[in-house]
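> Here you go, this is input-v1.pdb (PDB, C-alpha atoms).
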ATOM      1  CA  MET A   1     -75.245 -20.271  25.418
ATOM      2  CA  ASP A   2     -75.193 -20.599  29.207
ATOM      3  CA  ILE A   3     -72.188 -20.068  31.453
ATOM      4  CA  ARG A   4     -71.193 -23.742  31.512
ATOM      5  CA  ASP A   5     -71.104 -23.891  27.704
ATOM      6  CA  ARG A   6     -69.113 -20.665  27.550
ATOM      7  CA  LEU A   7     -66.706 -21.989  30.203
ATOM      8  CA  GLU A   8     -66.232 -25.254  28.310
ATOM      9  CA  GLU A   9     -65.530 -23.381  25.069
ATOM     10  CA  TYR A  10     -63.141 -21.024  26.831
ATOM     11  CA  LEU A  11     -61.205 -23.877  28.456
ATOM     12  CA  LYS A  12     -60.760 -25.618  25.086
ATOM     13  CA  ASN A  13     -58.943 -22.544  23.793
ATOM     14  CA  VAL A  14     -56.796 -21.654  26.782
ATOM     15  CA  GLY A  15     -53.126 -21.534  25.937
ATOM     16  CA  ILE A  16     -50.105 -20.944  28.102
ATOM     17  CA  LYS A  17     -47.542 -18.470  26.851
ATOM     18  CA  ASP A  18     -43.931 -19.546  26.968
ATOM     19  CA  ILE A  19     -42.406 -16.473  28.601
ATOM     20  CA  GLU A  20     -39.215 -16.011  30.561
ATOM     21  CA  ASP A  21     -39.656 -15.639  34.307
ATOM     22  CA  GLU A  22     -38.221 -12.224  35.174
ATOM     23  CA  ARG A  23     -38.645 -12.565  38.905
ATOM     24  CA  GLU A  24     -35.566 -12.814  41.101
ATOM     25  CA  SER A  25     -34.269 -16.267  41.977
ATOM     26  CA  TRP A  26     -35.565 -18.155  44.988
ATOM     27  CA  ASP A  27     -32.108 -17.894  46.569
ATOM     28  CA  SER A  28     -32.097 -14.118  46.262
ATOM     29  CA  TYR A  29     -35.690 -13.876  47.497
ATOM     30  CA  PHE A  30     -35.095 -15.916  50.660
ATOM     31  CA  MET A  31     -31.751 -14.246  51.354
ATOM     32  CA  LYS A  32     -33.470 -10.858  51.261
ATOM     33  CA  ILE A  33     -35.899 -12.205  53.857
ATOM     34  CA  ALA A  34     -32.937 -13.320  56.018
ATOM     35  CA  LEU A  35     -31.539  -9.790  55.716
ATOM     36  CA  LEU A  36     -34.861  -8.399  56.927
ATOM     37  CA  VAL A  37     -35.064 -10.923  59.793
ATOM     38  CA  ARG A  38     -31.620  -9.879  61.062
ATOM     39  CA  GLU A  39     -32.907  -6.370  61.717
ATOM     40  CA  ARG A  40     -34.556  -7.726  64.896
ATOM     41  CA  SER A  41     -31.132  -8.565  66.365
ATOM     42  CA  THR A  42     -29.860  -6.491  69.271
ATOM     43  CA  CYS A  43     -26.253  -7.683  68.938
ATOM     44  CA  VAL A  44     -23.896  -4.727  69.171
ATOM     45  CA  HIS A  45     -21.391  -6.263  66.710
ATOM     46  CA  ARG A  46     -22.897  -8.504  64.040
ATOM     47  CA  LYS A  47     -26.550  -8.810  63.139
ATOM     48  CA  VAL A  48     -27.343 -12.209  61.611
ATOM     49  CA  GLY A  49     -30.596 -13.546  60.186
ATOM     50  CA  ALA A  50     -31.594 -17.083  59.193
ATOM     51  CA  VAL A  51     -34.527 -18.548  57.306
ATOM     52  CA  ILE A  52     -35.290 -22.268  57.004
ATOM     53  CA  VAL A  53     -37.086 -23.148  53.779
ATOM     54  CA  LYS A  54     -38.503 -26.313  52.256
ATOM     55  CA  GLU A  55     -40.250 -26.556  48.901
ATOM     56  CA  HIS A  56     -40.135 -22.759  48.589
ATOM     57  CA  ARG A  57     -42.027 -22.319  51.875
ATOM     58  CA  ILE A  58     -40.653 -20.667  54.999
ATOM     59  CA  LEU A  59     -40.588 -23.060  57.955
ATOM     60  CA  ALA A  60     -38.885 -20.875  60.578
ATOM     61  CA  THR A  61     -36.766 -17.768  61.034
ATOM     62  CA  GLY A  62     -34.202 -16.689  63.583
ATOM     63  CA  TYR A  63     -31.839 -13.882  64.466
ATOM     64  CA  ASN A  64     -29.017 -13.649  66.964
ATOM     65  CA  GLN A  65     -30.212 -12.660  70.422
ATOM     66  CA  PRO A  66     -30.080 -13.820  74.057
ATOM     67  CA  PRO A  67     -32.568 -16.426  75.317
ATOM     68  CA  SER A  68     -36.158 -15.363  75.948
ATOM     69  CA  LYS A  69     -36.608 -13.269  79.115
ATOM     70  CA  PHE A  70     -32.842 -12.534  79.303
ATOM     71  CA  PRO A  71     -31.763  -8.885  78.816
ATOM     72  CA  HIS A  72     -30.755  -8.003  75.278
ATOM     73  CA  CYS A  73     -27.129  -7.203  74.456
ATOM     74  CA  ASP A  74     -27.847  -3.524  73.875
ATOM     75  CA  GLN A  75     -29.174  -3.461  77.489
ATOM     76  CA  ILE A  76     -26.696  -5.628  79.381
ATOM     77  CA  GLY A  77     -23.555  -5.037  77.302
ATOM     78  CA  CYS A  78     -21.335  -7.457  75.451
ATOM     79  CA  ILE A  79     -19.595 -10.071  77.596
ATOM     80  CA  ARG A  80     -17.203 -10.763  74.703
ATOM     81  CA  ASP A  81     -16.048  -7.146  74.675
ATOM     82  CA  GLU A  82     -15.571  -7.171  78.445
ATOM     83  CA  LEU A  83     -13.417 -10.307  78.229
ATOM     84  CA  GLY A  84     -11.522  -9.288  75.080
ATOM     85  CA  ILE A  85     -12.671 -12.304  73.014
ATOM     86  CA  GLN A  86     -11.978 -12.047  69.275
ATOM     87  CA  SER A  87     -14.526 -12.824  66.563
ATOM     88  CA  GLY A  88     -14.606 -16.521  65.676
ATOM     89  CA  GLU A  89     -13.128 -17.595  69.018
ATOM     90  CA  ASN A  90     -14.896 -19.106  72.011
ATOM     91  CA  GLN A  91     -18.396 -18.826  70.531
ATOM     92  CA  GLU A  92     -19.783 -20.410  73.687
ATOM     93  CA  ILE A  93     -18.932 -17.283  75.679
ATOM     94  CA  CYS A  94     -21.752 -15.032  74.557
ATOM     95  CA  TYR A  95     -25.158 -14.066  75.923
ATOM     96  CA  GLY A  96     -26.767 -14.570  72.539
ATOM     97  CA  LEU A  97     -27.788 -17.588  70.562
ATOM     98  CA  HIS A  98     -26.861 -17.578  66.905
ATOM     99  CA  ALA A  99     -29.528 -16.938  64.283
ATOM    100  CA  GLU A 100     -29.240 -20.519  63.037
ATOM    101  CA  GLN A 101     -29.775 -21.846  66.564
ATOM    102  CA  ASN A 102     -32.837 -19.663  67.080
ATOM    103  CA  ALA A 103     -34.345 -20.724  63.742
ATOM    104  CA  LEU A 104     -33.830 -24.396  64.611
ATOM    105  CA  MET A 105     -35.260 -23.877  68.111
ATOM    106  CA  GLN A 106     -38.295 -22.087  66.677
ATOM    107  CA  ALA A 107     -38.943 -25.024  64.352
ATOM    108  CA  ALA A 108     -38.532 -27.490  67.236
ATOM    109  CA  LYS A 109     -40.765 -25.473  69.570
ATOM    110  CA  PHE A 110     -43.609 -25.527  67.070
ATOM    111  CA  GLY A 111     -43.061 -29.116  65.874
ATOM    112  CA  ILE A 112     -41.848 -28.243  62.379
ATOM    113  CA  ALA A 113     -39.637 -30.860  60.693
ATOM    114  CA  THR A 114     -36.513 -29.452  59.014
ATOM    115  CA  ASP A 115     -35.342 -32.656  57.330
ATOM    116  CA  GLY A 116     -34.417 -31.943  53.702
ATOM    117  CA  ALA A 117     -34.674 -28.170  54.079
ATOM    118  CA  THR A 118     -32.384 -25.313  53.040
ATOM    119  CA  MET A 119     -31.141 -22.678  55.466
ATOM    120  CA  TYR A 120     -30.499 -19.148  54.239
ATOM    121  CA  VAL A 121     -28.242 -17.249  56.613
ATOM    122  CA  THR A 122     -26.612 -13.858  56.256
ATOM    123  CA  HIS A 123     -23.238 -15.178  57.506
ATOM    124  CA  LYS A 124     -21.526 -18.554  57.077
ATOM    125  CA  PRO A 125     -22.412 -20.681  60.116
ATOM    126  CA  CYS A 126     -19.853 -21.364  62.840
ATOM    127  CA  SER A 127     -18.856 -24.959  63.585
ATOM    128  CA  ILE A 128     -21.268 -25.175  66.529
ATOM    129  CA  CYS A 129     -24.187 -24.182  64.299
ATOM    130  CA  ALA A 130     -22.886 -26.480  61.549
ATOM    131  CA  ARG A 131     -23.269 -29.462  63.873
ATOM    132  CA  LEU A 132     -26.826 -28.475  64.732
ATOM    133  CA  ILE A 133     -27.732 -27.822  61.093
ATOM    134  CA  ILE A 134     -26.394 -31.234  60.061
ATOM    135  CA  ASN A 135     -28.306 -33.109  62.766
ATOM    136  CA  ALA A 136     -31.491 -31.160  61.994
ATOM    137  CA  GLY A 137     -31.416 -32.690  58.507
ATOM    138  CA  ILE A 138     -30.737 -29.444  56.654
ATOM    139  CA  ILE A 139     -29.220 -30.434  53.288
ATOM    140  CA  ARG A 140     -28.177 -27.031  51.915
ATOM    141  CA  VAL A 141     -26.865 -23.836  53.498
ATOM    142  CA  VAL A 142     -26.797 -20.599  51.512
ATOM    143  CA  TYR A 143     -24.976 -17.569  52.927
ATOM    144  CA  LEU A 144     -23.805 -14.054  51.997
ATOM    145  CA  GLU A 145     -20.905 -13.112  54.234
ATOM    146  CA  ASP A 146     -17.961 -15.156  55.443
ATOM    147  CA  TYR A 147     -17.276 -16.114  59.063
ATOM    148  CA  PRO A 148     -13.822 -17.099  60.372
ATOM    149  CA  ASP A 149     -14.417 -20.754  61.296
ATOM    150  CA  PRO A 150     -12.937 -23.261  58.800
ATOM    151  CA  LEU A 151     -14.197 -26.208  60.861
ATOM    152  CA  SER A 152     -17.762 -25.509  59.727
ATOM    153  CA  GLU A 153     -16.767 -26.023  56.076
ATOM    154  CA  PHE A 154     -15.091 -29.304  57.047
ATOM    155  CA  PHE A 155     -18.243 -30.536  58.821
ATOM    156  CA  PHE A 156     -20.446 -29.664  55.840
ATOM    157  CA  LYS A 157     -18.044 -31.260  53.343
ATOM    158  CA  MET A 158     -17.710 -34.489  55.350
ATOM    159  CA  THR A 159     -21.481 -34.855  55.760
ATOM    160  CA  GLY A 160     -22.545 -33.866  52.248
ATOM    161  CA  VAL A 161     -24.391 -30.689  53.236
ATOM    162  CA  LYS A 162     -24.114 -28.233  50.356
ATOM    163  CA  LEU A 163     -22.589 -24.899  51.394
ATOM    164  CA  GLU A 164     -23.048 -22.073  48.887
ATOM    165  CA  ARG A 165     -22.019 -18.450  49.074
ATOM    166  CA  ILE A 166     -24.144 -16.146  46.927
ATOM    167  CA  LYS A 167     -24.323 -12.480  46.067
ATOM    168  CA  ILE A 168     -27.579 -10.646  45.641
ATOM    169  CA  MET A 169     -28.383  -7.450  43.827
ATOM    170  CA  GLY A 170     -30.377  -4.602  45.327
TER     171      GLY A 170
END
Please express what this file holds, its structure, as structure tokens.


Amino acid sequence: MDIRDRLEEYLKNVGIKDIEDERESWDSYFMKIALLVRERSTCVHRKVGAVIVKEHRILATGYNQPPSKFPHCDQIGCIRDELGIQSGENQEICYGLHAEQNALMQAAKFGIATDGATMYVTHKPCSICARLIINAGIIRVVYLEDYPDPLSEFFFKMTGVKLERIKIMG
């Protein structure tokens, strides 16, 4: 019996076992990647990571940091601290871009469509990022930690973008 005959016989008898998938969920998997991505942040207050995913494939990542070629926050200091701005207020007064913004800009820079994708982000997006996420065609946002901006929830609710807070183990 040659190899082709043996292969044909083998393929006739192949069976697939019905076993339970013990791997972690996709949500947990991609959130752990967002947690790893945030480690690149040089923010002196809150490190945030974001991952844009479609069909279980990573499209882009981002973390909070100043624009390219601008000094990082751990080098130049925090303008928000100097001006006494509280968390959740006046997001526009900051040297850094948010992780969500950087992920969306990375996708745009490299011509990657985000329509229909999910964004995993370590913190609930602010209302500025919510607007960008909505117009980028993201249909689902998954996050771990809260952020004090109720307007973002309103934007997501009014536009049908699913907003889900999850917990992950380990």

> With a distance cut-off of 6 Å and only C-alpha atoms, select the neighbouring residues of A:Ala99, excluding the residue or stretch itself and same-chain residues fewer than 3 positions from it, and output the selection as number ranges by chain.

A: 48-50, 62-64, 102

> Please, what distance in Å, to one decimal, runs between atom CA of A:Ala130 and atom CA of A:Asn90?

15.1 Å

> Listing only residues of stretch 3-110 of chain A within 12 Å of stretch 149-157 of chain A, what is the closest atom pair and its distance in Å (to one decimal) for each, using only C-alpha atoms, sorted by chain and residue number ascending, as CSV?


residue,atom,partner,partner_atom,distance
A:Ser87,CA,A:Asp149,CA,9.5
A:Gly88,CA,A:Asp149,CA,6.1
A:Glu89,CA,A:Asp149,CA,8.4
A:Asn90,CA,A:Asp149,CA,10.9
A:Gln91,CA,A:Asp149,CA,10.2

> Can you work out which one of A:Arg165, A:Lys54, A:Lys69, A:Arg80 has the shortest atom-to-atom distance to A:Gly116, counting all atoms listed in the file?

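The answer is A:Lys54, which sits nearest to A:Gly116.
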
> Using all atoms listed in the file, pick whichever of A:Val121, A:Ala108, A:Ile93, A:Ile133 has the shortest atom-to-atom distance to A:Ile33.

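Distance minimum relative to A:Ile33 lands on A:Val121.
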
> Restricting the calculation to all atoms listed in the file, which member of A:Gly111, A:Gly137, A:Gly77, A:Pro125 is positioned closest to A:Leu59?

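For A:Leu59, the nearest of the given residues is A:Gly111.
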
> May I have the residues within 8 Å of A:Val161 as a list of chain:residue names, using all atoms listed in the file and disregarding those fewer than 2 positions away in the same chain?

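Here the qualifying residues turn out to be A:Ile134, A:Ile138, A:Ile139, A:Arg140, A:Val141, A:Phe156, A:Lys157, A:Met158, A:Thr159, A:Leu163.
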
> Mind dumping a table of every stretch 64-129 of chain A residue within 12 Å of stretch 6-27 of chain A, with the nearest atom pair and its distance in Å to one decimal, using all atoms listed in the file, sorted by chain and rising number, as a Markdown table?


| residue | atom | partner | partner_atom | distance |
| --- | --- | --- | --- | --- |
| A:Thr118 | CA | A:Asp27 | CA | 9.8 |
| A:Met119 | CA | A:Asp27 | CA | 10.1 |
| A:Tyr120 | CA | A:Asp27 | CA | 7.9 |
| A:Val121 | CA | A:Asp27 | CA | 10.8 |
| A:Thr122 | CA | A:Asp27 | CA | 11.8 |

> Work out how far apart atom CA of A:Glu92 and atom CA of A:Tyr147 are and give it in Å to one decimal.

15.4 Å

> Quick check on the file I pasted: which residues fall under the PyMOL selection byres ((chain A and resi 47) around 10)? Write them as a ChimeraX atom specification.

/A:35,37-46,48-49,63-65,98-99,122-123

> In Å, with one decimal, what is the gap from atom CA of A:Arg131 to atom CA of A:Glu100?

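According to the coordinates, atom CA of A:Arg131 and atom CA of A:Glu100 are separated by 10.8 Å.
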
> What lies within 7 Å of A:Asp146 using only C-alpha atoms, ignoring chain neighbours under 2 positions off, as JSON, numbers by chain?

{"A": [123, 124, 144, 148]}

> Build an axis-aligned box that encloses every atom of stretch 59-69 of chain A listed in the file, pad it by 6 Å on each side, and report its centre and edge lengths in Å to one decimal, as lines of an AutoDock Vina configuration file.


center_x = -34.8
center_y = -17.9
center_z = 68.5
size_x = 23.6
size_y = 22.4
size_z = 33.2
